[in-house]
file structure-v3.cif (mmCIF, C-alpha atoms)
data_input
loop_
_atom_site.group_PDB
_atom_site.id
_atom_site.type_symbol
_atom_site.label_atom_id
_atom_site.label_comp_id
_atom_site.auth_asym_id
_atom_site.auth_seq_id
_atom_site.Cartn_x
_atom_site.Cartn_y
_atom_site.Cartn_z
ATOM 1 C CA MET A 1 207.933 116.592 18.548
ATOM 2 C CA SER A 2 211.644 116.914 19.245
ATOM 3 C CA GLU A 3 210.922 120.082 21.251
ATOM 4 C CA MET A 4 208.448 118.156 23.379
ATOM 5 C CA SER A 5 210.709 115.173 23.963
ATOM 6 C CA HIS A 6 212.429 116.829 26.915
ATOM 7 C CA SER A 7 209.210 117.406 28.788
ATOM 8 C CA THR A 8 207.715 113.999 28.120
ATOM 9 C CA TYR A 9 210.296 112.473 30.446
ATOM 10 C CA LEU A 10 208.687 114.392 33.311
ATOM 11 C CA THR A 11 205.835 112.610 35.013
ATOM 12 C CA ASP A 12 202.663 114.522 35.885
ATOM 13 C CA ARG A 13 203.515 114.310 39.559
ATOM 14 C CA LYS A 14 207.044 115.637 39.064
ATOM 15 C CA ARG A 15 205.676 118.592 37.089
ATOM 16 C CA ALA A 16 203.026 119.472 39.668
ATOM 17 C CA GLU A 17 205.096 119.025 42.805
ATOM 18 C CA GLY A 18 205.680 122.218 44.785
ATOM 19 C CA LEU A 19 203.426 124.379 42.626
ATOM 20 C CA GLY A 20 200.438 124.465 44.971
ATOM 21 C CA SER A 21 199.956 127.216 47.541
ATOM 22 C CA ALA A 22 199.926 124.757 50.446
ATOM 23 C CA LYS A 23 203.396 123.714 51.548
ATOM 24 C CA ARG A 24 202.225 121.715 54.524
ATOM 25 C CA GLY A 25 199.414 119.574 55.791
ATOM 26 C CA THR A 26 196.797 120.262 58.437
ATOM 27 C CA GLN A 27 199.080 121.617 61.175
ATOM 28 C CA HIS A 28 198.614 125.233 60.094
ATOM 29 C CA TYR A 29 194.848 124.863 59.880
ATOM 30 C CA TRP A 30 194.729 123.276 63.330
ATOM 31 C CA SER A 31 196.833 126.064 64.861
ATOM 32 C CA MET A 32 194.339 128.592 63.459
ATOM 33 C CA ILE A 33 191.421 126.652 64.970
ATOM 34 C CA GLN A 34 193.121 126.516 68.367
ATOM 35 C CA SER A 35 194.040 130.199 68.442
ATOM 36 C CA SER A 36 190.602 131.237 67.145
ATOM 37 C CA VAL A 37 188.853 129.413 69.989
ATOM 38 C CA GLY A 38 191.273 131.024 72.454
ATOM 39 C CA LEU A 39 190.565 134.464 71.007
ATOM 40 C CA LEU A 40 186.817 133.831 71.175
ATOM 41 C CA ILE A 41 187.269 133.931 74.967
ATOM 42 C CA LEU A 42 190.088 136.484 75.181
ATOM 43 C CA VAL A 43 188.837 139.174 72.782
ATOM 44 C CA PRO A 44 185.630 140.088 74.694
ATOM 45 C CA LEU A 45 187.612 140.134 77.959
ATOM 46 C CA PHE A 46 190.295 142.352 76.415
ATOM 47 C CA VAL A 47 187.829 144.717 74.688
ATOM 48 C CA PHE A 48 186.077 145.501 77.970
ATOM 49 C CA THR A 49 189.169 145.686 80.192
ATOM 50 C CA PHE A 50 191.283 147.707 77.756
ATOM 51 C CA GLY A 51 188.245 149.733 76.704
ATOM 52 C CA SER A 52 187.499 150.719 80.306
ATOM 53 C CA VAL A 53 190.950 152.264 80.818
ATOM 54 C CA LEU A 54 191.507 153.735 77.330
ATOM 55 C CA GLY A 55 191.424 157.514 77.635
ATOM 56 C CA ALA A 56 192.154 157.471 81.377
ATOM 57 C CA PRO A 57 195.030 159.556 82.800
ATOM 58 C CA TYR A 58 198.564 158.110 82.960
ATOM 59 C CA GLU A 59 198.567 157.245 86.687
ATOM 60 C CA GLU A 60 195.260 155.414 86.371
ATOM 61 C CA VAL A 61 196.568 153.350 83.416
ATOM 62 C CA LEU A 62 199.669 152.411 85.450
ATOM 63 C CA ALA A 63 197.562 151.355 88.441
ATOM 64 C CA TYR A 64 195.119 149.436 86.250
ATOM 65 C CA TYR A 65 197.763 147.355 84.478
ATOM 66 C CA SER A 66 199.544 146.645 87.785
ATOM 67 C CA ARG A 67 196.549 144.514 88.667
ATOM 68 C CA PRO A 68 196.921 140.817 87.719
ATOM 69 C CA VAL A 69 193.638 140.192 85.894
ATOM 70 C CA PRO A 70 193.758 143.029 83.319
ATOM 71 C CA ALA A 71 197.501 142.448 82.796
ATOM 72 C CA ILE A 72 197.144 138.689 82.250
ATOM 73 C CA ILE A 73 194.174 139.186 79.908
ATOM 74 C CA ALA A 74 196.197 141.712 77.877
ATOM 75 C CA ALA A 75 199.300 139.468 77.798
ATOM 76 C CA LEU A 76 197.326 136.431 76.629
ATOM 77 C CA THR A 77 195.367 138.434 74.043
ATOM 78 C CA LEU A 78 198.532 139.991 72.610
ATOM 79 C CA THR A 79 200.306 136.630 72.474
ATOM 80 C CA VAL A 80 197.520 134.569 70.918
ATOM 81 C CA GLY A 81 196.331 137.519 68.813
ATOM 82 C CA TRP A 82 199.683 138.296 67.171
ATOM 83 C CA LEU A 83 200.370 134.603 66.497
ATOM 84 C CA HIS A 84 196.875 134.214 65.014
ATOM 85 C CA PHE A 85 197.556 137.293 62.880
ATOM 86 C CA LYS A 86 200.908 135.891 61.723
ATOM 87 C CA ASN A 87 199.383 132.578 60.674
ATOM 88 C CA GLY A 88 196.279 134.149 59.130
ATOM 89 C CA ALA A 89 198.156 136.783 57.124
ATOM 90 C CA GLN A 90 200.465 133.987 55.952
ATOM 91 C CA THR A 91 197.468 132.319 54.280
ATOM 92 C CA MET A 92 196.588 135.566 52.503
ATOM 93 C CA LEU A 93 200.171 136.077 51.279
ATOM 94 C CA GLU A 94 200.336 132.480 50.023
ATOM 95 C CA ASP A 95 197.196 133.164 47.970
ATOM 96 C CA TYR A 96 198.359 136.434 46.386
ATOM 97 C CA ALA A 97 202.176 136.281 46.156
ATOM 98 C CA ARG A 98 204.620 133.664 44.931
ATOM 99 C CA GLY A 99 208.301 132.910 44.562
ATOM 100 C CA MET A 100 210.850 135.269 46.043
ATOM 101 C CA SER A 101 208.330 138.037 46.822
ATOM 102 C CA LEU A 102 206.269 135.544 48.847
ATOM 103 C CA LYS A 103 209.324 134.516 50.841
ATOM 104 C CA ILE A 104 210.333 138.107 51.556
ATOM 105 C CA ALA A 105 206.754 139.011 52.549
ATOM 106 C CA LEU A 106 206.522 135.995 54.883
ATOM 107 C CA ILE A 107 209.810 136.889 56.573
ATOM 108 C CA ALA A 108 208.664 140.508 57.008
ATOM 109 C CA LEU A 109 205.323 139.321 58.403
ATOM 110 C CA THR A 110 207.070 137.045 60.895
ATOM 111 C CA CYS A 111 209.415 139.856 62.001
ATOM 112 C CA ILE A 112 206.575 142.359 62.491
ATOM 113 C CA SER A 113 204.372 139.882 64.378
ATOM 114 C CA TYR A 114 207.039 138.702 66.816
ATOM 115 C CA ALA A 115 208.449 142.213 67.293
ATOM 116 C CA ALA A 116 205.016 143.629 68.178
ATOM 117 C CA LEU A 117 204.342 140.667 70.446
ATOM 118 C CA ALA A 118 207.663 141.034 72.279
ATOM 119 C CA ALA A 119 207.270 144.812 72.634
ATOM 120 C CA GLY A 120 203.734 144.434 74.001
ATOM 121 C CA LEU A 121 204.751 141.778 76.534
ATOM 122 C CA PHE A 122 207.771 143.813 77.651
ATOM 123 C CA ALA A 123 205.509 146.834 78.154
ATOM 124 C CA LEU A 124 203.018 144.810 80.207
ATOM 125 C CA VAL A 125 205.737 143.340 82.420
ATOM 126 C CA ARG A 126 207.170 146.809 82.995
ATOM 127 C CA LEU A 127 203.733 148.236 83.795
ATOM 128 C CA ALA A 128 202.923 145.389 86.169
ATOM 129 C CA LEU A 129 206.167 145.395 88.153
ATOM 130 C CA MET B 130 200.443 111.081 27.272
ATOM 131 C CA ALA B 131 201.104 113.655 29.969
ATOM 132 C CA ASP B 132 201.566 116.396 27.354
ATOM 133 C CA VAL B 133 198.331 115.991 25.424
ATOM 134 C CA ASN B 134 196.570 119.371 25.084
ATOM 135 C CA ARG B 135 198.839 121.019 27.646
ATOM 136 C CA GLY B 136 198.046 124.688 28.159
ATOM 137 C CA ASN B 137 195.214 124.723 25.631
ATOM 138 C CA ARG B 138 192.323 123.956 27.916
ATOM 139 C CA PRO B 139 189.364 126.240 28.720
ATOM 140 C CA LEU B 140 189.684 128.235 31.952
ATOM 141 C CA SER B 141 186.877 128.304 34.466
ATOM 142 C CA PRO B 142 185.367 131.783 34.954
ATOM 143 C CA HIS B 143 186.979 133.892 37.665
ATOM 144 C CA LEU B 144 185.610 136.356 40.239
ATOM 145 C CA GLN B 145 184.730 139.227 37.913
ATOM 146 C CA ILE B 146 182.103 137.215 36.049
ATOM 147 C CA TYR B 147 179.978 136.472 39.120
ATOM 148 C CA ARG B 148 177.369 138.768 40.657
ATOM 149 C CA PRO B 149 178.376 139.578 44.268
ATOM 150 C CA GLN B 150 176.545 137.400 46.756
ATOM 151 C CA LEU B 151 176.068 137.561 50.513
ATOM 152 C CA ASN B 152 178.371 134.573 50.767
ATOM 153 C CA SER B 153 181.242 135.971 48.704
ATOM 154 C CA ILE B 154 181.026 139.418 50.325
ATOM 155 C CA THR B 155 181.001 138.080 53.903
ATOM 156 C CA SER B 156 183.870 135.761 52.974
ATOM 157 C CA ILE B 157 186.194 138.431 51.570
ATOM 158 C CA LEU B 158 185.256 140.779 54.452
ATOM 159 C CA THR B 159 186.560 138.123 56.858
ATOM 160 C CA ARG B 160 189.961 138.277 55.168
ATOM 161 C CA ILE B 161 189.933 142.091 54.866
ATOM 162 C CA THR B 162 188.942 142.683 58.506
ATOM 163 C CA GLY B 163 191.432 140.111 59.803
ATOM 164 C CA ASN B 164 194.362 141.605 57.956
ATOM 165 C CA ALA B 165 193.303 145.229 58.500
ATOM 166 C CA LEU B 166 193.322 144.589 62.248
ATOM 167 C CA ILE B 167 197.108 145.009 62.037
ATOM 168 C CA VAL B 168 196.478 148.780 62.253
ATOM 169 C CA GLY B 169 194.469 148.673 65.488
ATOM 170 C CA SER B 170 196.766 146.009 66.963
ATOM 171 C CA LEU B 171 199.865 148.097 66.314
ATOM 172 C CA LEU B 172 198.146 151.170 67.826
ATOM 173 C CA VAL B 173 197.205 149.258 70.996
ATOM 174 C CA THR B 174 200.711 147.758 71.236
ATOM 175 C CA TRP B 175 202.246 151.218 70.784
ATOM 176 C CA TRP B 176 199.932 152.636 73.479
ATOM 177 C CA LEU B 177 201.066 149.930 75.951
ATOM 178 C CA VAL B 178 204.759 150.420 75.115
ATOM 179 C CA ALA B 179 204.337 154.188 75.521
ATOM 180 C CA ALA B 180 202.635 153.717 78.896
ATOM 181 C CA ALA B 181 205.591 151.579 80.009
ATOM 182 C CA ALA B 182 208.117 154.094 78.665
ATOM 183 C CA GLY B 183 206.864 157.024 80.748
ATOM 184 C CA PRO B 184 204.407 159.941 80.952
ATOM 185 C CA ASP B 185 205.782 161.885 77.953
ATOM 186 C CA ALA B 186 205.656 158.958 75.542
ATOM 187 C CA PHE B 187 202.242 158.041 76.923
ATOM 188 C CA ALA B 188 200.929 161.563 76.294
ATOM 189 C CA VAL B 189 201.890 161.287 72.601
ATOM 190 C CA ALA B 190 200.426 157.805 72.025
ATOM 191 C CA ASN B 191 197.336 158.522 74.093
ATOM 192 C CA GLY B 192 196.858 161.818 72.258
ATOM 193 C CA VAL B 193 196.937 160.078 68.863
ATOM 194 C CA ILE B 194 194.700 157.179 69.870
ATOM 195 C CA THR B 195 192.065 159.438 71.503
ATOM 196 C CA SER B 196 192.076 162.107 68.782
ATOM 197 C CA TRP B 197 189.077 162.201 66.411
ATOM 198 C CA PHE B 198 191.090 160.300 63.825
ATOM 199 C CA GLY B 199 192.279 157.801 66.441
ATOM 200 C CA ASP B 200 188.682 157.354 67.586
ATOM 201 C CA LEU B 201 187.636 156.683 63.992
ATOM 202 C CA VAL B 202 190.385 154.077 63.520
ATOM 203 C CA MET B 203 189.593 152.443 66.870
ATOM 204 C CA VAL B 204 185.827 152.249 66.215
ATOM 205 C CA LEU B 205 186.439 150.794 62.731
ATOM 206 C CA SER B 206 188.925 148.336 64.275
ATOM 207 C CA LEU B 207 186.356 147.427 66.911
ATOM 208 C CA TRP B 208 183.823 146.656 64.180
ATOM 209 C CA ALA B 209 186.474 144.674 62.264
ATOM 210 C CA LEU B 210 187.271 142.747 65.455
ATOM 211 C CA TRP B 211 183.616 141.827 66.144
ATOM 212 C CA TYR B 212 183.006 141.038 62.480
ATOM 213 C CA HIS B 213 186.086 138.802 62.267
ATOM 214 C CA LEU B 214 185.156 137.095 65.549
ATOM 215 C CA LEU B 215 181.597 136.334 64.414
ATOM 216 C CA ALA B 216 182.772 135.217 60.967
ATOM 217 C CA GLY B 217 185.335 132.976 62.672
ATOM 218 C CA LEU B 218 182.580 131.537 64.856
ATOM 219 C CA ARG B 219 180.647 130.813 61.653
ATOM 220 C CA HIS B 220 183.687 129.003 60.258
ATOM 221 C CA LEU B 221 184.008 126.903 63.417
ATOM 222 C CA TYR B 222 180.313 126.005 63.074
ATOM 223 C CA TRP B 223 180.740 125.149 59.375
ATOM 224 C CA ASP B 224 183.769 122.993 60.261
ATOM 225 C CA THR B 225 181.449 120.701 62.217
ATOM 226 C CA GLY B 226 179.600 120.003 58.935
ATOM 227 C CA ARG B 227 176.497 122.019 59.849
ATOM 228 C CA GLY B 228 174.873 125.157 58.456
ATOM 229 C CA PHE B 229 175.320 124.648 54.720
ATOM 230 C CA SER B 230 171.723 124.846 53.484
ATOM 231 C CA LEU B 231 170.892 128.035 51.550
ATOM 232 C CA ASP B 232 168.534 129.257 54.287
ATOM 233 C CA GLN B 233 171.102 128.677 57.022
ATOM 234 C CA VAL B 234 173.877 130.316 55.003
ATOM 235 C CA SER B 235 171.673 133.382 54.537
ATOM 236 C CA VAL B 236 170.803 133.566 58.248
ATOM 237 C CA LEU B 237 174.470 133.126 59.228
ATOM 238 C CA GLY B 238 175.627 135.779 56.716
ATOM 239 C CA TRP B 239 173.158 138.435 57.850
ATOM 240 C CA GLY B 240 173.782 137.372 61.453
ATOM 241 C CA VAL B 241 177.502 138.089 61.078
ATOM 242 C CA ILE B 242 176.855 141.506 59.480
ATOM 243 C CA GLY B 243 174.055 142.547 61.855
ATOM 244 C CA GLY B 244 175.725 141.069 64.917
ATOM 245 C CA SER B 245 178.983 142.909 64.273
ATOM 246 C CA VAL B 246 177.165 146.261 63.984
ATOM 247 C CA VAL B 247 175.090 145.622 67.132
ATOM 248 C CA LEU B 248 178.141 144.502 69.150
ATOM 249 C CA THR B 249 180.124 147.547 67.972
ATOM 250 C CA ILE B 250 177.358 149.960 69.026
ATOM 251 C CA LEU B 251 176.921 148.155 72.364
ATOM 252 C CA THR B 252 180.667 148.242 73.057
ATOM 253 C CA VAL B 253 180.923 151.955 72.241
ATOM 254 C CA LEU B 254 177.952 152.651 74.536
ATOM 255 C CA ILE B 255 179.312 150.541 77.411
ATOM 256 C CA VAL B 256 182.985 151.541 77.112
#
call {"tool": "encode", "arguments": {"input": "structure-v3.cif", "output": "structure tokens"}}
result
Amino acid sequence: MSEMSHSTYLTDRKRAEGLGSAKRGTQHYWSMIQSSVGLLILVPLFVFTFGSVLGAPYEEVLAYYSRPVPAIIAALTLTVGWLHFKNGAQTMLEDYARGMSLKIALIALTCISYAALAAGLFALVRLAL
Amino acid sequence: MADVNRGNRPLSPHLQIYRPQLNSITSILTRITGNALIVGSLLVTWWLVAAAAGPDAFAVANGVITSWFGDLVMVLSLWALWYHLLAGLRHLYWDTGRGFSLDQVSVLGWGVIGGSVVLTILTVLIV
């Protein structure tokens, strides 16, 4: 019993706090809902615009992405898509990793997502102008 | 009181004890397709960056993405994209509190699988 006496001072709540996978409330869920509805519209538009120019010669690709509609569709899809990926992959990592490895994985995920997003947007701006 | 029977309780059975069902398979495929789309997304992003960088860089990226292996990755990514989109649509529908009867779950599950294949074939034919 003397071994147990230390732990009996901890309440159930104190012992459980911080151990769950969810570190926040509904904000993350809501951001996924918002971006998923956005992608529901953007993905078909992107698939058929990008798909129509994939495999075309260099000059044709340049001319195509100088036009506003394909460029704006691509910019929106990349932005919402990479953020949706970041938040979605975060949920997976929270399910399968914990502690320090979870933190490192989440930081790496954030870096990759924002880097790809920034590179894609820079490329689109350069193609369009 | 808080320490009664701590750590000596029966565990509920985990994944390996259940027979795979339409529901569990379509659920895990949603996660797998969503996360695997990082490959196709990085390829598309690279292709755009290469196009912006100039004709030489574009030739390399375009060569990889339109090679037979690139085609394979892009078609699989296309299927993953349609699958994830339809499965996401199913989640949005479920979030409204509808579609939970066994019959509806079965229709929705096969709809997601069949729909993703049909949309992939249609897209490849059109594009």
call {"tool": "residues_around", "arguments": {"input": "structure-v3.cif", "residues": "Ile242 of chain B", "least_positions_apart": "2", "cutoff": "12 Å", "atoms": "all atoms listed in the file", "output": "PDB file with C-alpha atoms, in the coordinates of the input"}}
result
ATOM      1  CA  LEU B 151     176.068 137.561  50.513  1.00  0.00           C
ATOM      2  CA  ASN B 152     178.371 134.573  50.767  1.00  0.00           C
ATOM      3  CA  ILE B 154     181.026 139.418  50.325  1.00  0.00           C
ATOM      4  CA  THR B 155     181.001 138.080  53.903  1.00  0.00           C
ATOM      5  CA  SER B 156     183.870 135.761  52.974  1.00  0.00           C
ATOM      6  CA  LEU B 158     185.256 140.779  54.452  1.00  0.00           C
ATOM      7  CA  THR B 159     186.560 138.123  56.858  1.00  0.00           C
ATOM      8  CA  TRP B 208     183.823 146.656  64.180  1.00  0.00           C
ATOM      9  CA  ALA B 209     186.474 144.674  62.264  1.00  0.00           C
ATOM     10  CA  TRP B 211     183.616 141.827  66.144  1.00  0.00           C
ATOM     11  CA  TYR B 212     183.006 141.038  62.480  1.00  0.00           C
ATOM     12  CA  HIS B 213     186.086 138.802  62.267  1.00  0.00           C
ATOM     13  CA  LEU B 214     185.156 137.095  65.549  1.00  0.00           C
ATOM     14  CA  LEU B 215     181.597 136.334  64.414  1.00  0.00           C
ATOM     15  CA  ALA B 216     182.772 135.217  60.967  1.00  0.00           C
ATOM     16  CA  ARG B 219     180.647 130.813  61.653  1.00  0.00           C
ATOM     17  CA  SER B 235     171.673 133.382  54.537  1.00  0.00           C
ATOM     18  CA  VAL B 236     170.803 133.566  58.248  1.00  0.00           C
ATOM     19  CA  LEU B 237     174.470 133.126  59.228  1.00  0.00           C
ATOM     20  CA  GLY B 238     175.627 135.779  56.716  1.00  0.00           C
ATOM     21  CA  TRP B 239     173.158 138.435  57.850  1.00  0.00           C
ATOM     22  CA  GLY B 240     173.782 137.372  61.453  1.00  0.00           C
ATOM     23  CA  GLY B 244     175.725 141.069  64.917  1.00  0.00           C
ATOM     24  CA  SER B 245     178.983 142.909  64.273  1.00  0.00           C
ATOM     25  CA  VAL B 246     177.165 146.261  63.984  1.00  0.00           C
ATOM     26  CA  VAL B 247     175.090 145.622  67.132  1.00  0.00           C
ATOM     27  CA  LEU B 248     178.141 144.502  69.150  1.00  0.00           C
ATOM     28  CA  THR B 249     180.124 147.547  67.972  1.00  0.00           C
TER      29      THR B 249
END
call {"tool": "interface_residues", "arguments": {"input": "structure-v3.cif", "of": "chain A", "to": "chain B", "cutoff": "6 Å", "atoms": "all atoms listed in the file", "output": "PyMOL selection string"}}
result
chain A and resi 51-52+120+123+126-127
call {"tool": "axis_aligned_box", "arguments": {"input": "structure-v3.cif", "around": "segment 174-185 of chain B", "padding_each_side": "6 Å", "output": "lines of an AutoDock Vina configuration file"}}
result
center_x = 204.0
center_y = 154.8
center_z = 75.9
size_x = 20.2
size_y = 26.1
size_z = 22.2
call {"tool": "resolve_selection", "arguments": {"input": "structure-v3.cif", "expression": "the PyMOL selection byres ((chain A and resi 90-107) around 10)", "output": "ChimeraX atom specification"}}
result
/A:19-23,28-29,84-89,108-113 /B:160-161,164
call {"tool": "atom_distance", "arguments": {"input": "structure-v3.cif", "atom1": "atom CA of Phe46 of chain A", "atom2": "atom CA of Ser31 of chain A"}}
result
21.0 Å
call {"tool": "residues_around", "arguments": {"input": "structure-v3.cif", "residues": "Tyr65 of chain A", "least_positions_apart": "5", "cutoff": "8 Å", "atoms": "only C-alpha atoms", "output": "ChimeraX atom specification"}}
result
/A:70-71,124,127-128
